[in-house]
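Student: Next up, start-v1.txt (compact mmCIF, C-alpha atoms).
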```
# COMPACT_ATOMS: atom_id res chain seq x y z
CA MET F 27 54.55 -54.74 -41.21
CA LYS F 28 54.98 -51.12 -41.91
CA LEU F 29 52.44 -48.57 -40.89
CA ASP F 30 52.33 -45.63 -43.22
CA THR F 31 49.51 -43.50 -41.84
CA PRO F 32 47.92 -43.08 -38.53
CA LEU F 33 44.60 -44.31 -39.99
CA ASN F 34 46.18 -47.65 -40.69
CA GLN F 35 47.26 -47.87 -37.10
CA LEU F 36 43.67 -47.55 -35.92
CA GLN F 37 42.81 -51.00 -37.20
CA TYR F 38 44.98 -52.52 -34.50
CA PHE F 39 43.23 -50.60 -31.77
CA LEU F 40 39.73 -50.78 -33.17
CA PRO F 41 39.22 -54.04 -34.98
CA ASP F 42 35.54 -53.38 -35.69
CA ASP F 43 34.18 -50.96 -38.22
CA LEU F 44 32.83 -47.66 -36.93
CA PHE F 45 29.55 -46.35 -38.25
CA LEU F 46 27.98 -42.98 -37.66
CA LEU F 47 24.32 -42.31 -37.95
CA ARG F 48 23.35 -39.78 -40.60
CA ALA F 49 22.39 -37.12 -38.02
CA ASP F 50 25.69 -37.60 -36.20
CA ARG F 51 27.69 -37.48 -39.45
CA ASP F 52 25.96 -34.20 -40.41
CA ALA F 53 26.69 -32.77 -36.98
CA TYR F 54 30.41 -33.49 -37.42
CA ARG F 55 30.47 -32.05 -40.91
CA ASN F 56 28.53 -28.83 -40.00
CA PRO F 57 29.37 -27.85 -36.44
CA ILE F 58 27.04 -25.28 -34.84
CA ALA F 59 28.40 -21.82 -35.30
CA GLN F 60 29.28 -20.05 -32.08
CA PRO F 61 27.57 -16.67 -31.77
CA SER F 62 29.92 -13.74 -32.14
CA GLU F 63 28.12 -11.84 -29.37
CA PRO F 64 27.06 -13.32 -26.07
CA LEU F 65 23.33 -13.92 -25.84
CA ALA F 66 21.36 -11.58 -23.62
CA PRO F 67 19.71 -13.26 -20.66
CA ILE F 68 16.07 -14.03 -21.16
CA GLU F 69 13.90 -11.75 -19.10
CA THR F 70 11.02 -13.36 -17.35
CA PRO F 71 7.89 -11.25 -17.38
CA THR F 72 6.95 -9.76 -14.05
CA ILE F 73 3.39 -9.89 -12.88
CA ILE F 74 2.13 -6.43 -12.04
CA ASP F 75 -0.46 -6.14 -9.33
CA GLU F 76 -3.03 -3.82 -10.86
CA THR F 77 -4.70 -2.85 -7.62
CA PRO F 78 -5.62 0.80 -8.01
CA VAL F 79 -3.73 3.16 -5.74
CA ILE F 80 -6.18 5.01 -3.58
CA THR F 81 -5.39 8.57 -2.58
CA PHE F 82 -7.32 10.95 -0.42
CA LYS F 83 -7.64 14.71 -0.45
CA TYR F 84 -7.13 16.03 3.06
CA LEU F 85 -6.43 19.18 5.03
CA GLY F 86 -3.32 19.26 7.24
CA ASP F 87 0.04 17.52 7.04
CA ASN F 88 -0.66 14.38 9.10
CA GLN F 89 2.64 14.83 10.95
CA LYS F 90 1.44 13.01 14.07
CA ASN F 91 -0.90 10.53 12.34
CA PHE F 92 -4.04 12.09 13.82
CA LEU F 93 -6.93 11.41 11.44
CA VAL F 94 -10.13 13.47 11.69
CA LEU F 95 -13.14 12.26 9.69
CA THR F 96 -15.92 14.70 8.82
CA HIS F 97 -18.98 14.79 6.59
CA TYR F 98 -19.78 18.17 4.99
CA THR F 99 -21.57 18.15 1.65
CA ALA F 100 -21.29 21.93 1.13
CA ASP F 101 -17.64 22.36 2.19
CA GLU F 102 -14.40 20.90 0.88
CA PHE F 103 -13.19 19.63 4.29
CA ILE F 104 -15.02 21.29 7.16
CA ALA F 105 -17.04 24.48 7.67
CA GLU F 106 -14.86 27.50 8.56
CA ALA F 107 -16.46 28.07 11.98
CA HIS F 108 -16.13 24.35 12.78
CA LEU F 109 -12.50 24.31 11.63
CA ASN F 110 -11.72 27.21 13.98
CA ALA F 111 -13.41 25.35 16.86
CA LEU F 112 -11.51 22.16 16.01
CA ILE F 113 -8.15 23.96 15.84
CA SER F 114 -8.90 25.69 19.14
CA THR F 115 -9.71 22.34 20.73
CA VAL F 116 -6.71 20.39 19.44
CA THR F 117 -4.37 23.27 20.34
CA ARG F 118 -5.42 22.79 23.97
CA ILE F 119 -4.25 19.17 23.81
CA ASN F 120 -0.92 20.10 22.16
CA TYR F 121 -1.74 19.45 18.51
CA SER F 122 -1.85 21.78 15.52
CA LEU F 123 -3.38 21.66 12.06
CA GLN F 124 -0.06 20.30 10.71
CA ASP F 125 -0.41 17.28 13.02
CA LEU F 126 -3.86 16.39 11.65
CA ALA F 127 -5.29 14.98 8.46
CA ILE F 128 -8.89 16.14 8.04
CA VAL F 129 -10.81 14.04 5.52
CA ASN F 130 -14.33 14.89 4.40
CA LEU F 131 -16.03 11.58 3.65
CA ALA F 132 -18.84 13.37 1.82
CA HIS F 133 -16.37 13.94 -1.04
CA THR F 134 -14.59 10.57 -1.13
CA GLN F 135 -15.90 7.67 -3.13
CA ALA F 136 -16.85 4.75 -0.91
CA ALA F 137 -13.85 4.99 1.39
CA ASN F 138 -13.76 2.20 3.93
CA TRP F 139 -11.78 1.91 7.14
CA GLU F 140 -9.19 -0.45 5.66
CA GLN F 141 -8.33 2.00 2.87
CA LEU F 142 -8.17 4.95 5.26
CA SER F 143 -6.04 3.01 7.71
CA GLN F 144 -3.58 1.87 5.04
CA PHE F 145 -3.24 5.34 3.54
CA PHE F 146 -3.00 7.46 6.72
CA LYS F 147 -1.66 4.92 9.24
CA PRO F 148 -3.43 6.76 12.07
CA GLN F 149 -2.44 6.51 15.70
CA LYS F 150 -5.44 8.61 16.71
CA LEU F 151 -8.83 8.78 15.04
CA LEU F 152 -11.51 11.41 15.67
CA ILE F 153 -14.88 10.80 13.99
CA LEU F 154 -17.15 13.84 13.95
CA GLY F 155 -20.71 12.60 13.61
CA SER F 156 -22.46 9.41 12.52
CA LYS F 157 -22.29 10.37 8.82
CA ALA F 158 -18.47 10.40 9.08
CA LEU F 159 -18.28 6.75 10.16
CA PRO F 160 -16.42 4.80 7.46
CA SER F 161 -17.70 1.39 6.41
CA ASN F 162 -16.21 -1.76 8.01
CA LEU F 163 -14.95 0.16 11.06
CA PRO F 164 -15.27 -1.84 14.28
CA ALA F 165 -18.25 -0.68 16.34
CA LEU F 166 -17.54 2.34 18.52
CA VAL F 167 -19.57 3.81 21.37
CA LEU F 168 -20.51 7.48 21.15
CA ASN F 169 -18.25 9.74 23.26
CA GLU F 170 -16.06 6.94 24.56
CA THR F 171 -12.40 6.46 23.72
CA ASP F 172 -11.83 3.02 22.23
CA GLN F 173 -9.38 1.05 20.08
CA ALA F 174 -9.99 0.63 16.36
CA ASP F 175 -7.38 -1.80 15.09
CA ASN F 176 -4.08 -0.22 16.18
CA CYS F 177 -5.25 3.30 16.88
CA GLN F 178 -7.00 5.15 19.63
CA ALA F 179 -10.44 6.24 18.41
CA LEU F 180 -13.06 8.70 19.55
CA TYR F 181 -16.48 8.75 17.89
CA THR F 182 -18.31 11.92 18.91
CA PHE F 183 -20.93 14.41 17.81
CA ALA F 184 -20.62 16.42 14.62
CA PHE F 185 -19.86 20.10 15.18
CA GLU F 186 -23.38 20.96 13.98
CA GLU F 187 -24.67 19.00 16.98
CA MET F 188 -22.17 20.57 19.40
CA MET F 189 -22.41 24.25 18.44
CA GLY F 190 -24.85 25.86 20.86
CA ASN F 191 -25.44 22.62 22.79
CA LYS F 192 -23.51 22.72 26.08
CA GLU F 193 -24.25 19.09 26.96
CA ASN F 194 -22.78 17.74 23.72
CA THR F 195 -19.81 20.13 23.88
CA LYS F 196 -19.07 19.10 27.48
CA ALA F 197 -19.27 15.39 26.62
CA PHE F 198 -16.87 15.96 23.70
CA TRP F 199 -14.42 18.00 25.78
CA ASN F 200 -14.36 15.43 28.61
CA GLN F 201 -13.18 12.79 26.13
CA ILE F 202 -10.88 14.83 23.90
CA LYS F 203 -8.85 16.32 26.77
CA THR F 204 -7.54 12.86 27.67
CA PHE F 205 -7.32 11.66 24.09
```
Could you take the file, read its structure, and then write that structure out as structure tokens?
Tutor:
Amino acid sequence: MKLDTPLNQLQYFLPDDLFLLRADRDAYRNPIAQPSEPLAPIETPTIIDETPVITFKYLGDNQKNFLVLTHYTADEFIAEAHLNALISTVTRINYSLQDLAIVNLAHTQAANWEQLSQFFKPQKLLILGSKALPSNLPALVLNETDQADNCQALYTFAFEEMMGNKENTKAFWNQIKTF
């Protein structure tokens, strides 16, 4: 027995007939073309948190994270005479205007304590008057140093209530000098 072609030799190794399904036969006849360029990786869409970024307009540089909250409807931050009194007071306890951030809550839209705290990260908080109390701030006692979250807080009289009133000024000074 002479074997002429390799196909004839297959019959000795594979005695049964081989059949391909139509889809398989087409796959062998038309192999999938390889792309000439590598495919770019598929980018998965990122979910963007669309929480609005809240910013505040303030006076000072906030170098020592000392936040002062005021409420003046007629002034941008604080009345000039009151600013001079505030600077004079904080200078006596070794702070300057560059160390503070003075925010006038009369000109901010519904600022709450959480937003102020996240933005300024205060270590000290001075609240000048009941109108300057932000919403959702833990309860504070007037003219007593207390903790508000992670900062030392002093809620005291507004300068309008202190100017010309020695009792209120003395109560404020007794607290701020140890603040």
Student: Residues within 10 Å of Val129 in chain F, please, as a list in words. Count all atoms listed in the file; anything in the same chain fewer than 2 positions from it doesn't count.
Tutor: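 Near neighbours after the sequence-gap exclusion: Phe82, Lys83, Tyr84, Leu85, Gly86, Leu93, Val94, Leu95, Thr96, His97, Tyr98, Glu102, Phe103, Ile104, Leu126, Ala127, Leu131, Ala132, His133, Thr134, Leu142, Ile153 and Ala158 of chain F.
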Student: Put those residues in a file: C-alpha atoms, as a short mmCIF file (atom, residue, chain, number, x, y, z; two decimals), in the frame of the given file.
Tutor:
```
data_model
loop_
_atom_site.label_atom_id
_atom_site.label_comp_id
_atom_site.auth_asym_id
_atom_site.auth_seq_id
_atom_site.Cartn_x
_atom_site.Cartn_y
_atom_site.Cartn_z
CA PHE F 82 -7.32 10.95 -0.42
CA LYS F 83 -7.64 14.71 -0.45
CA TYR F 84 -7.13 16.03 3.06
CA LEU F 85 -6.43 19.18 5.03
CA GLY F 86 -3.32 19.26 7.24
CA LEU F 93 -6.93 11.41 11.44
CA VAL F 94 -10.13 13.47 11.69
CA LEU F 95 -13.14 12.26 9.69
CA THR F 96 -15.92 14.70 8.82
CA HIS F 97 -18.98 14.79 6.59
CA TYR F 98 -19.78 18.17 4.99
CA GLU F 102 -14.40 20.90 0.88
CA PHE F 103 -13.19 19.63 4.29
CA ILE F 104 -15.02 21.29 7.16
CA LEU F 126 -3.86 16.39 11.65
CA ALA F 127 -5.29 14.98 8.46
CA LEU F 131 -16.03 11.58 3.65
CA ALA F 132 -18.84 13.37 1.82
CA HIS F 133 -16.37 13.94 -1.04
CA THR F 134 -14.59 10.57 -1.13
CA LEU F 142 -8.17 4.95 5.26
CA ILE F 153 -14.88 10.80 13.99
CA ALA F 158 -18.47 10.40 9.08
#
```
Student: Go through F:Glu140, F:Ile128, F:Glu170, F:Arg55 and flag the residue nearest Leu112 in chain F, using all atoms listed in the file for the distances.
Tutor: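 Answer, going by the shortest atom-to-atom distance: F:Ile128.
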Student: Within 9 Å of (-2.2, 6.6, 8.0) (coordinates as in the file), grab all the protein and nucleic acid residues, counting all atoms listed in the file, and write them out as a PyMOL selection string.
Tutor: chain F and resi 88+91-93+127+142-149
Student: At what distance in Å, to one decimal, does CA of Trp139 in chain F lie from CA of Asp175 in chain F?
Tutor: 9.8 Å
Student: Using all atoms listed in the file, find the one residue out of F:Thr72, F:Lys90, F:Gly190, F:Gln173 that sits nearest to Tyr121 in chain F.
Tutor: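 The shortest atom-to-atom distance to Tyr121 in chain F comes from F:Lys90.
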Student: Quick check, in Å to one decimal: how far apart do CA of Cys177 in chain F and CA of Lys196 in chain F lie?
Tutor: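 So the two atoms, CA of Cys177 in chain F and CA of Lys196 in chain F, lie 23.5 Å apart.
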